[in-house]
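Asks: This is target.txt (compact mmCIF, C-alpha atoms).
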```txt
# COMPACT_ATOMS: atom_id res chain seq x y z
CA MET A 1156 63.79 15.40 -110.00
CA ARG A 1157 60.25 16.09 -108.85
CA ILE A 1158 59.34 17.60 -105.49
CA TYR A 1159 56.38 16.36 -103.46
CA ALA A 1160 55.07 17.54 -100.09
CA ILE A 1161 53.04 15.85 -97.39
CA SER A 1162 52.36 16.48 -93.71
CA ASP A 1163 50.47 15.17 -90.72
CA LEU A 1164 51.18 11.49 -91.28
CA HIS A 1165 50.54 10.81 -87.57
CA LEU A 1166 52.01 7.31 -87.72
CA ALA A 1167 51.74 5.04 -84.70
CA SER A 1168 53.62 1.80 -85.37
CA SER A 1169 54.67 1.42 -81.75
CA LEU A 1170 51.40 2.68 -80.26
CA ASP A 1171 47.77 1.68 -80.19
CA LYS A 1172 46.62 5.01 -81.59
CA THR A 1173 45.37 4.82 -85.14
CA MET A 1174 43.93 7.59 -87.28
CA ASP A 1175 40.73 5.63 -87.93
CA MET A 1176 39.45 7.01 -84.62
CA PHE A 1177 38.70 10.09 -86.75
CA GLY A 1178 36.34 8.17 -89.04
CA GLN A 1179 36.14 5.34 -91.53
CA LYS A 1180 37.89 7.28 -94.30
CA TRP A 1181 41.06 7.21 -92.16
CA GLN A 1182 41.09 3.41 -91.91
CA GLY A 1183 44.43 2.14 -93.20
CA HIS A 1184 45.55 5.70 -94.05
CA TRP A 1185 49.27 4.84 -93.96
CA ASN A 1186 48.85 1.94 -96.39
CA LYS A 1187 46.94 4.23 -98.77
CA ILE A 1188 49.68 6.88 -98.54
CA LYS A 1189 52.43 4.28 -99.11
CA GLU A 1190 50.67 2.86 -102.19
CA ASN A 1191 50.28 6.34 -103.67
CA TRP A 1192 53.88 7.25 -102.77
CA GLN A 1193 55.30 4.10 -104.38
CA SER A 1194 53.29 4.64 -107.55
CA ARG A 1195 54.49 8.26 -108.01
CA VAL A 1196 57.83 8.92 -106.32
CA CYS A 1197 61.16 7.86 -107.87
CA GLU A 1198 64.50 7.49 -106.09
CA ASP A 1199 65.82 10.85 -107.34
CA ASP A 1200 62.67 12.75 -106.29
CA VAL A 1201 62.38 14.77 -103.06
CA VAL A 1202 59.51 14.44 -100.59
CA LEU A 1203 59.05 17.26 -98.10
CA ILE A 1204 57.42 16.13 -94.86
CA SER A 1205 56.30 19.14 -92.87
CA GLY A 1206 55.85 17.64 -89.44
CA ASP A 1207 53.48 15.62 -87.30
CA ILE A 1208 55.16 12.43 -88.44
CA SER A 1209 54.62 10.13 -85.49
CA TRP A 1210 52.42 9.97 -82.40
CA ALA A 1211 55.42 8.54 -80.49
CA MET A 1212 56.62 10.32 -77.37
CA HIS A 1213 60.28 9.21 -77.60
CA LEU A 1214 62.71 8.85 -80.50
CA ARG A 1215 63.17 5.12 -79.85
CA ASP A 1216 59.41 4.68 -80.40
CA ALA A 1217 59.34 6.92 -83.50
CA LEU A 1218 62.17 5.03 -85.20
CA GLU A 1219 59.85 2.32 -86.54
CA ASP A 1220 57.75 5.03 -88.23
CA LEU A 1221 60.86 6.84 -89.52
CA ASN A 1222 62.31 3.58 -90.86
CA ASP A 1223 59.01 2.81 -92.60
CA ILE A 1224 59.20 6.21 -94.32
CA ALA A 1225 62.89 5.66 -95.12
CA SER A 1226 62.00 2.44 -96.96
CA LEU A 1227 59.98 4.45 -99.50
CA PRO A 1228 61.53 5.94 -102.66
CA GLY A 1229 63.04 9.42 -102.76
CA LYS A 1230 65.01 11.69 -100.50
CA LYS A 1231 62.85 12.64 -97.53
CA ILE A 1232 63.36 16.10 -96.00
CA PHE A 1233 61.43 16.67 -92.82
CA ILE A 1234 60.87 19.19 -90.05
CA ARG A 1235 59.38 18.97 -86.60
CA GLY A 1236 55.64 19.39 -86.20
CA ASN A 1237 53.74 20.44 -83.10
CA HIS A 1238 52.82 16.79 -82.36
CA ASP A 1239 56.35 15.41 -82.81
CA TYR A 1240 57.04 15.09 -79.08
CA TRP A 1241 59.73 12.50 -79.81
CA TRP A 1242 61.91 15.21 -81.45
CA SER A 1243 64.25 16.33 -78.67
CA SER A 1244 67.71 16.32 -80.27
CA ILE A 1245 68.49 16.89 -83.95
CA THR A 1246 71.89 15.22 -83.41
CA LYS A 1247 70.32 12.03 -82.04
CA ILE A 1248 67.79 11.96 -84.87
CA ARG A 1249 70.52 12.34 -87.51
CA GLU A 1250 72.56 9.57 -85.86
CA SER A 1251 69.56 7.22 -85.75
CA ILE A 1252 67.99 7.44 -89.21
CA ASP A 1253 68.65 6.24 -92.74
CA LYS A 1254 70.69 8.49 -95.06
CA SER A 1255 67.64 8.99 -97.30
CA MET A 1256 66.06 10.94 -94.43
CA ILE A 1257 67.17 14.56 -93.93
CA PRO A 1258 65.85 16.28 -90.80
CA LEU A 1259 66.13 20.08 -90.78
CA GLN A 1260 66.13 22.32 -87.75
CA ASN A 1261 67.26 25.91 -88.32
CA ASP A 1262 69.45 24.81 -91.21
CA ALA A 1263 69.23 24.01 -94.90
CA VAL A 1264 70.16 21.40 -97.49
CA LYS A 1265 70.88 21.89 -101.18
CA ILE A 1266 69.75 19.18 -103.59
CA GLY A 1267 70.34 19.89 -107.26
CA ASN A 1268 69.32 23.50 -107.95
CA TYR A 1269 67.06 23.69 -104.91
CA VAL A 1270 67.71 24.80 -101.35
CA PHE A 1271 65.33 23.58 -98.65
CA LEU A 1272 65.17 25.46 -95.35
CA GLY A 1273 63.91 24.17 -92.05
CA CYS A 1274 63.24 27.03 -89.68
CA SER A 1275 60.52 28.58 -87.60
CA GLN A 1276 61.89 32.08 -87.05
CA LEU A 1277 62.37 33.25 -90.62
CA SER A 1278 62.32 37.06 -90.64
CA ASP A 1279 63.54 38.08 -94.11
CA VAL A 1280 63.13 36.39 -97.49
CA ILE A 1281 65.30 37.46 -100.43
CA VAL A 1282 64.89 35.76 -103.81
CA LYS A 1283 67.01 37.17 -106.65
CA ASP A 1284 66.73 34.49 -109.35
CA ARG A 1285 65.45 36.24 -112.46
CA THR A 1286 65.37 33.08 -114.58
CA THR A 1287 62.93 30.97 -112.59
CA VAL A 1288 59.29 31.84 -111.93
CA LEU A 1289 58.62 31.62 -108.20
CA SER A 1290 55.30 29.95 -107.49
CA LEU A 1291 53.60 31.21 -104.32
CA GLY A 1292 50.49 29.80 -102.76
CA SER A 1293 49.13 28.78 -99.40
CA ASN A 1294 49.41 25.86 -97.04
CA GLY A 1295 45.83 24.89 -97.85
CA SER A 1296 43.96 26.45 -94.96
CA SER A 1297 45.73 29.77 -94.50
CA SER A 1298 48.40 31.89 -96.12
CA LEU A 1299 51.83 30.42 -96.76
CA PHE A 1300 53.57 32.82 -94.37
CA ALA A 1301 50.69 33.34 -91.87
CA ASN A 1302 52.56 32.05 -88.81
CA CYS A 1303 56.02 33.10 -89.89
CA PRO A 1304 57.42 36.26 -88.24
CA LEU A 1305 58.46 37.86 -91.52
CA ASP A 1306 59.61 41.46 -91.49
CA SER A 1307 60.46 41.86 -95.18
CA VAL A 1308 60.24 40.02 -98.49
CA TYR A 1309 62.19 40.89 -101.64
CA ILE A 1310 61.47 38.94 -104.82
CA GLY A 1311 63.67 39.99 -107.73
CA GLY A 1312 61.99 38.02 -110.45
CA ALA A 1313 58.72 36.77 -111.84
CA ILE A 1314 56.14 35.16 -109.57
CA CYS A 1315 53.16 32.98 -110.23
CA TYR A 1316 50.14 32.97 -107.93
CA ASN A 1317 47.12 30.76 -108.47
CA ALA A 1318 44.33 31.92 -106.17
CA SER A 1319 42.13 28.90 -106.89
CA SER A 1320 44.80 26.42 -105.75
CA SER A 1321 45.45 28.59 -102.68
CA ASN A 1322 41.83 28.82 -101.55
CA GLY A 1323 41.93 32.53 -102.42
CA TYR A 1324 44.57 33.36 -99.81
CA SER A 1325 47.47 35.64 -100.61
CA PRO A 1326 50.75 34.10 -99.42
CA PHE A 1327 51.04 37.05 -97.00
CA TYR A 1328 47.41 37.21 -95.79
CA ARG A 1329 47.16 37.68 -92.01
CA ASN A 1330 50.88 38.07 -91.54
CA THR A 1331 50.89 40.71 -88.81
CA SER A 1332 54.67 41.26 -88.67
CA LEU A 1333 55.33 41.86 -92.37
CA ARG A 1334 56.34 45.48 -93.04
CA THR A 1335 57.86 45.39 -96.54
CA VAL A 1336 57.14 43.39 -99.71
CA VAL A 1337 59.09 44.23 -102.87
CA ILE A 1338 58.43 42.32 -106.09
CA THR A 1339 60.40 43.48 -109.10
CA ASN A 1340 61.67 42.04 -112.33
CA ARG A 1341 64.65 44.40 -112.48
```
Reformat the file's structure so that it appears as structure tokens.

Replies:
Amino acid sequence: MRIYAISDLHLASSLDKTMDMFGQKWQGHWNKIKENWQSRVCEDDVVLISGDISWAMHLRDALEDLNDIASLPGKKIFIRGNHDYWWSSITKIRESIDKSMIPLQNDAVKIGNYVFLGCSQLSDVIVKDRTTVLSLGSNGSSSLFANCPLDSVYIGGAICYNASSSNGYSPFYRNTSLRTVVITNR
């Protein structure tokens, strides 16, 4: 099983709002993403979709976009983004989508040896696995936990941090609520 991540798809199957309004390089962006997805992702892989999935305003209008994603290989785990106005009820979403799609909202799902959390108010992180190296980075433009109201982090194992792939940001850079970070291999 491989794990992939993508965000900000901003699909608009039911609307006349395409991403190419942002420039020529965005023309046909969904077809480019689908081609890449189909060439890399297998059925037993996981794809994390971290929000801003559809421009739709209502779930009934977002379903075409969600079904298009569901038709692609892999298990799709997704959370609500700030532009997902169609997301009003997690129950209705779960009732309406394909079983390969797993929406998370203040809950978690375990697939294989991995647990995926979908939450916005995470305050404490405790990792005690001493056998796996935890890889920390950034979300590309800021620190990984920049907008997360963390109070404390305990990592009881080895970590890996690649500053070049994280644009030089520490995973905790600009986190104003964080009071305690403990990293130990004991």

Asks: I'd like to know which of A:Met1156, A:Ala1167, A:Val1196, A:Ile1161 is closest to Gly1183 in chain A, using only C-alpha atoms.

Replies: A:Ala1167

Asks: List every protein, DNA or RNA residue that has an atom no more than 6 Å from (67.6, 10.5, -97.0) in the file's coordinate frame, counting all atoms listed in the file, and report them as a tab-separated table (two decimals) with C-alpha atoms, keeping the file's coordinate frame.

Replies:
```tsv
chain	number	residue	atom	x	y	z
A	1230	LYS	CA	65.01	11.69	-100.50
A	1231	LYS	CA	62.85	12.64	-97.53
A	1254	LYS	CA	70.69	8.49	-95.06
A	1255	SER	CA	67.64	8.99	-97.30
A	1256	MET	CA	66.06	10.94	-94.43
A	1257	ILE	CA	67.17	14.56	-93.93
```

Asks: I want to know what sits within 7 Å of Ile1338 in chain A, based on all atoms listed in the file, with residues of the same chain fewer than 5 positions away left out; could you give that as a CSV table (one decimal) with C-alpha atoms, in the frame of the given file?

Replies:
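Okay, this is what ended up in selection.csv:
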```
chain,number,residue,atom,x,y,z
A,1309,TYR,CA,62.2,40.9,-101.6
A,1310,ILE,CA,61.5,38.9,-104.8
A,1311,GLY,CA,63.7,40.0,-107.7
```

Asks: Just checking: using all atoms listed in the file, which residue out of A:Arg1157, A:Leu1164, A:Asn1237, A:Met1212 ends up closest to Glu1198 in chain A?

Replies: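 Of A:Arg1157, A:Leu1164, A:Asn1237, A:Met1212, the one nearest Glu1198 in chain A, counting all atoms listed in the file, is A:Arg1157.
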
Asks: Distance CA of Pro1304 in chain A-CA of Ala1263 in chain A, one decimal place?

Replies: 18.3 Å

Asks: CA of Thr1331 in chain A to CA of Ala1313 in chain A: how many Å, to one decimal?

Replies: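 We find that CA of Thr1331 in chain A and CA of Ala1313 in chain A lie 24.6 Å from each other.
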
Asks: What is the distance, in Å and to one decimal place, between CA of Ile1204 in chain A and CA of Ile1234 in chain A?

Replies: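 Here the two named atoms are 6.7 Å from each other.
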
Asks: Which residue out of A:Val1282, A:Leu1272, A:Ile1314, A:Leu1333 has the minimum interatomic distance to Pro1258 in chain A when only C-alpha atoms are used?

Replies: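 Selected residue with least distance to Pro1258 in chain A: A:Leu1272.
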
Asks: Considering only C-alpha atoms, state which residue in the set A:Asp1199, A:Asp1220, A:Glu1250, A:Asp1262 is at the smallest distance from Trp1185 in chain A.

Replies: A:Asp1220

Asks: Return the single residue from A:Ser1325, A:Ser1168, A:Asn1191, A:Thr1339 that is closest to Ala1217 in chain A, with distances computed using only C-alpha atoms.

Replies: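 Among A:Ser1325, A:Ser1168, A:Asn1191, A:Thr1339, it is A:Ser1168 that comes nearest to Ala1217 in chain A.
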
Asks: Would you mind telling me which residue in A:Leu1221, A:Val1264, A:Val1337, A:Ile1208 lies nearest to Asp1163 in chain A when using all atoms listed in the file?

Replies: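 With all atoms listed in the file as the atom set, the closest residue is A:Ile1208.
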